[in-house]
Amino acid sequence: MEKKDSSSSFTIGNRTQDRSWSCVPDCYVIPSSNRPSLAPETANVPVIDFSRLRQDATQRANAIKEIGNACHQVGFFQIVNHGICQSILDGALSVASDFFKLPTEEKVKFVSNDVRKPVRYGTSLKDGDDKFQFWRVFLKHYAHPLSDCIHLWPKNPPHYRENMGKYCKEVRKLALEVMGAINESLGLGPSYLSNQMEDGMQVMAVNCYPPCPNPELALGLPPHSDYTCLSIVLQNSAGLEVIDKRDGKWKLIPDVHGALQVHIGDHLEVLSNGLYESVVHRAILNSERIRISIASLHSMGMDEKMGTAEELVDDQHPKKYKDSSFRDFLDFLCKNDIAEGKNFIDTLKIKA
Ligand code: OGA
Ligand code: NI
């Protein structure tokens with residue numbers, strides 16, 4: 001049943017807990033060609049047992065080979081046995097969920113359309129624009145170095161800083177380890193760029209997708225790739241879809257309790273000279289539950305330029321991408337309406 005409501009003041013952010021919508025307002029309805037399937041195929045995603053990276057040399061070499069294949073073939077993998085305790089994962093998801101349940105007055109303190117703000121709350125990418133809106137509310141904040149930014153985070157709910165801070169530290173350690181493994185799989189050695197990543201950016205995108213009465217009409221997040229080297233996503237239920245490069249179809253990532261999702265981002269595509277392409281993904285909706293996801297986005301420093309590794313460039317494999325920094329991405333985002341910078345990578349491609 002497709003009822004329309006053209007009220008331009010409608011915003012899901014004010015009514016996150018309100019489950020009584022009977023229709024999807026016009027501004028959220030996406031063109032029919034881009035609508036999600038209500039019964040998507042489940043992705044056959046590579047699952048990496050991360051404990052093998054910390055075992056003997058043979059186990060580690062095999063796990064690194066699997067990671068390399070996953071990056072090359074899919075641009076995405078799940079990790080299990082990553083060593084972050086379930087209580088830390090649950091603690092982060094629970095304060096994230098509690099934040100979105102706060103009264104509007106608490107949340108609007110953080111509202112901003114300025115993508116350069118270190119903490120901001122929003123109900124769509126560029127609220128108020130005439131374009132489509134997405135069925136998501138989010139809180140984004142920087143997370144490294146933690147002592148420089150934690151005091152800017154929400155004070156409410158009361159355990160937000162403590163629980164989210166613990167998770168941020170753990171997931172960052174893991175991200176550096178994953179990055180080392182990926183670099184090793186490229187033949188670059190585990191400490192390649194490790195100093196730059198150590199001093200790099202960590203941005204948390206804490207997402208809330210309220211139940212949607214007609215989940216086939218709207219999207220939580222449009223198709224995009226992340227600008228990062230890599231992103232690690234924690235979710236409380238399924239809803240993340242990726243394009244399977246092997247057949248070009250959208251596939252739903254199965255929700256595996258305790259698993260974390262690793263996305264290859266644009267800056268790793270640049271680093272690897274296109275050997276590992278960033279994965280295009282989106283968030284779909286459901287009519288029953290609030291879905292929470294926490295994406296930890298890892299890149300080098302704000303002004304550090306990511307370039308293609310020289311070791312991967314030769315006469316047969318000329319350099320395919322221009323160098324760029326996180327700041328270049330933010331500049332791109334300010335000048336372009338493209339939701340979440342899905343085409344940032346295209347601006348970096350060197351035309352043959
Ligand atoms: C993101 C993202 C996916 C999700 O925040 O960049 O892709 O499942 N999130 O919420
Ligand atoms: Ni993303």
# chains A, B, ... in the order shown; residues from 1 in each chain; ligands from 1
>>> residues_near_ligand(ligand="ligand 1", cutoff="8 Å", atoms="only C-alpha atoms and all ligand atoms", output="JSON, numbers by chain")
{"A": [205, 206, 207, 208, 220, 221, 224, 225, 226, 231, 233, 235, 238, 239, 240, 241, 281, 282, 283, 292, 293, 294, 295, 297, 340]}
>>> write_last_selection(atoms="C-alpha atoms", output="compact mmCIF listing (two decimals), in the first residue's frame")
# COMPACT_ATOMS: atom_id res chain seq x y z
CA ALA A 205 29.23 6.41 12.31
CA VAL A 206 26.56 5.31 14.78
CA ASN A 207 23.46 4.56 12.74
CA CYS A 208 19.84 4.00 13.72
CA GLY A 220 18.42 3.46 5.15
CA LEU A 221 21.58 4.37 3.27
CA HIS A 224 28.08 3.95 -1.60
CA SER A 225 31.61 2.88 -0.91
CA ASP A 226 33.45 4.20 2.15
CA SER A 231 35.65 0.13 7.85
CA VAL A 233 30.81 -2.59 11.14
CA GLN A 235 25.28 -4.44 13.92
CA ALA A 238 20.74 -7.88 9.46
CA GLY A 239 20.17 -5.03 6.99
CA LEU A 240 23.52 -4.44 5.32
CA GLU A 241 23.68 -5.36 1.64
CA HIS A 281 27.02 -1.33 -0.03
CA ARG A 282 23.69 0.04 1.24
CA ALA A 283 21.36 -0.38 4.22
CA ILE A 292 21.48 -0.19 15.06
CA SER A 293 24.88 -0.34 13.37
CA ILE A 294 28.20 1.15 14.40
CA ALA A 295 30.73 1.69 11.61
CA LEU A 297 36.01 4.19 9.74
CA GLU A 340 27.95 9.45 1.27
>>> residues_around(residues="Arg35 (chain A)", least_positions_apart="6", cutoff="10 Å", atoms="only C-alpha atoms", output="PyMOL selection string")
chain A and resi 29+215-219+284
>>> write_last_selection(atoms="N, CA and C atoms", output="compact mmCIF listing (two decimals), in the first residue's frame")
# COMPACT_ATOMS: atom_id res chain seq x y z
N VAL A 29 10.59 8.19 -0.62
CA VAL A 29 10.31 7.15 -1.63
C VAL A 29 11.34 7.24 -2.75
N PRO A 215 9.09 -1.12 3.80
CA PRO A 215 10.55 -1.16 3.64
C PRO A 215 11.01 -1.32 2.18
N GLU A 216 10.09 -1.68 1.29
CA GLU A 216 10.48 -1.85 -0.12
C GLU A 216 10.52 -0.50 -0.86
N LEU A 217 10.05 0.57 -0.21
CA LEU A 217 9.98 1.87 -0.89
C LEU A 217 11.15 2.81 -0.56
N ALA A 218 11.84 2.53 0.53
CA ALA A 218 12.87 3.47 1.00
C ALA A 218 14.16 2.73 1.29
N LEU A 219 15.21 3.49 1.55
CA LEU A 219 16.50 2.89 1.93
C LEU A 219 17.03 3.60 3.17
N ILE A 284 19.29 -1.63 4.05
CA ILE A 284 17.86 -1.79 3.80
C ILE A 284 17.10 -1.77 5.13
>>> closest_residue(among="A:Asp247, A:Asp49, A:Glu288, A:Asp56", to="Leu260 (chain A)", atoms="only C-alpha atoms")
A:Asp49
>>> closest_residue(among="A:Pro158, A:Gly248, A:Pro46, A:Gly91", to="Gly68 (chain A)", atoms="only C-alpha atoms")
A:Pro46
>>> residues_around(residues="Val256 (chain A)", least_positions_apart="3", cutoff="9 Å", atoms="only C-alpha atoms", output="list in words")
Gln78, Val80, Ser237, Ala238, Ile253, Ala259 and Leu260 of chain A
>>> write_last_selection(atoms="C-alpha atoms", output="PDB file, in the first residue's frame")
ATOM      1  CA  GLN A  78      33.350 -11.144   8.212  1.00  0.00           C
ATOM      2  CA  VAL A  80      35.010 -14.136  14.001  1.00  0.00           C
ATOM      3  CA  SER A 237      20.543  -7.294  13.220  1.00  0.00           C
ATOM      4  CA  ALA A 238      20.737  -7.878   9.464  1.00  0.00           C
ATOM      5  CA  ILE A 253      24.985  -9.918   4.774  1.00  0.00           C
ATOM      6  CA  ALA A 259      30.957 -11.240  14.068  1.00  0.00           C
ATOM      7  CA  LEU A 260      32.311  -7.977  12.682  1.00  0.00           C
TER       8      LEU A 260
END
>>> residues_around(residues="Ile88 (chain A)", least_positions_apart="5", cutoff="10 Å", atoms="only C-alpha atoms", output="PDB file with N, CA and C atoms, in the first residue's frame")
ATOM      1  N   LEU A  93      26.555  -1.272  21.550  1.00  0.00           N
ATOM      2  CA  LEU A  93      25.250  -1.267  20.877  1.00  0.00           C
ATOM      3  C   LEU A  93      24.170  -0.728  21.810  1.00  0.00           C
ATOM      4  N   SER A  94      24.301  -1.037  23.094  1.00  0.00           N
ATOM      5  CA  SER A  94      23.244  -0.614  24.002  1.00  0.00           C
ATOM      6  C   SER A  94      23.266   0.903  24.240  1.00  0.00           C
ATOM      7  N   ASN A 163      31.236   3.200  27.528  1.00  0.00           N
ATOM      8  CA  ASN A 163      31.041   1.990  26.710  1.00  0.00           C
ATOM      9  C   ASN A 163      31.539   2.181  25.282  1.00  0.00           C
ATOM     10  N   MET A 164      31.215   3.330  24.703  1.00  0.00           N
ATOM     11  CA  MET A 164      31.632   3.544  23.315  1.00  0.00           C
ATOM     12  C   MET A 164      33.152   3.698  23.255  1.00  0.00           C
ATOM     13  N   GLY A 165      33.720   4.360  24.258  1.00  0.00           N
ATOM     14  CA  GLY A 165      35.172   4.552  24.317  1.00  0.00           C
ATOM     15  C   GLY A 165      35.906   3.216  24.352  1.00  0.00           C
ATOM     16  N   LYS A 166      35.403   2.293  25.155  1.00  0.00           N
ATOM     17  CA  LYS A 166      36.035   0.959  25.256  1.00  0.00           C
ATOM     18  C   LYS A 166      36.003   0.264  23.897  1.00  0.00           C
ATOM     19  N   TYR A 167      34.836   0.330  23.270  1.00  0.00           N
ATOM     20  CA  TYR A 167      34.710  -0.349  21.971  1.00  0.00           C
ATOM     21  C   TYR A 167      35.638   0.292  20.925  1.00  0.00           C
ATOM     22  N   CYS A 168      35.680   1.625  20.923  1.00  0.00           N
ATOM     23  CA  CYS A 168      36.510   2.336  19.939  1.00  0.00           C
ATOM     24  C   CYS A 168      37.976   1.921  20.046  1.00  0.00           C
ATOM     25  N   GLU A 170      39.218  -0.879  21.283  1.00  0.00           N
ATOM     26  CA  GLU A 170      39.403  -2.277  20.875  1.00  0.00           C
ATOM     27  C   GLU A 170      39.305  -2.445  19.361  1.00  0.00           C
TER      28      GLU A 170
END
>>> select_by_dssp(residues="region 200-300 of chain A", states="strand (DSSP E)", output="MDAnalysis selection string")
chainID A and resid 201:209 221:224 230:235 240:244 249:252 260:264 281:283 291:299
>>> atom_distance(atom1="CA of Phe132 (chain A)", atom2="CA of Lys245 (chain A)")
26.4 Å
>>> closest_residue(among="A:Val270, A:Leu53, A:Met306, A:Cys229", to="ligand 2", atoms="only C-alpha atoms and all ligand atoms")
A:Cys229
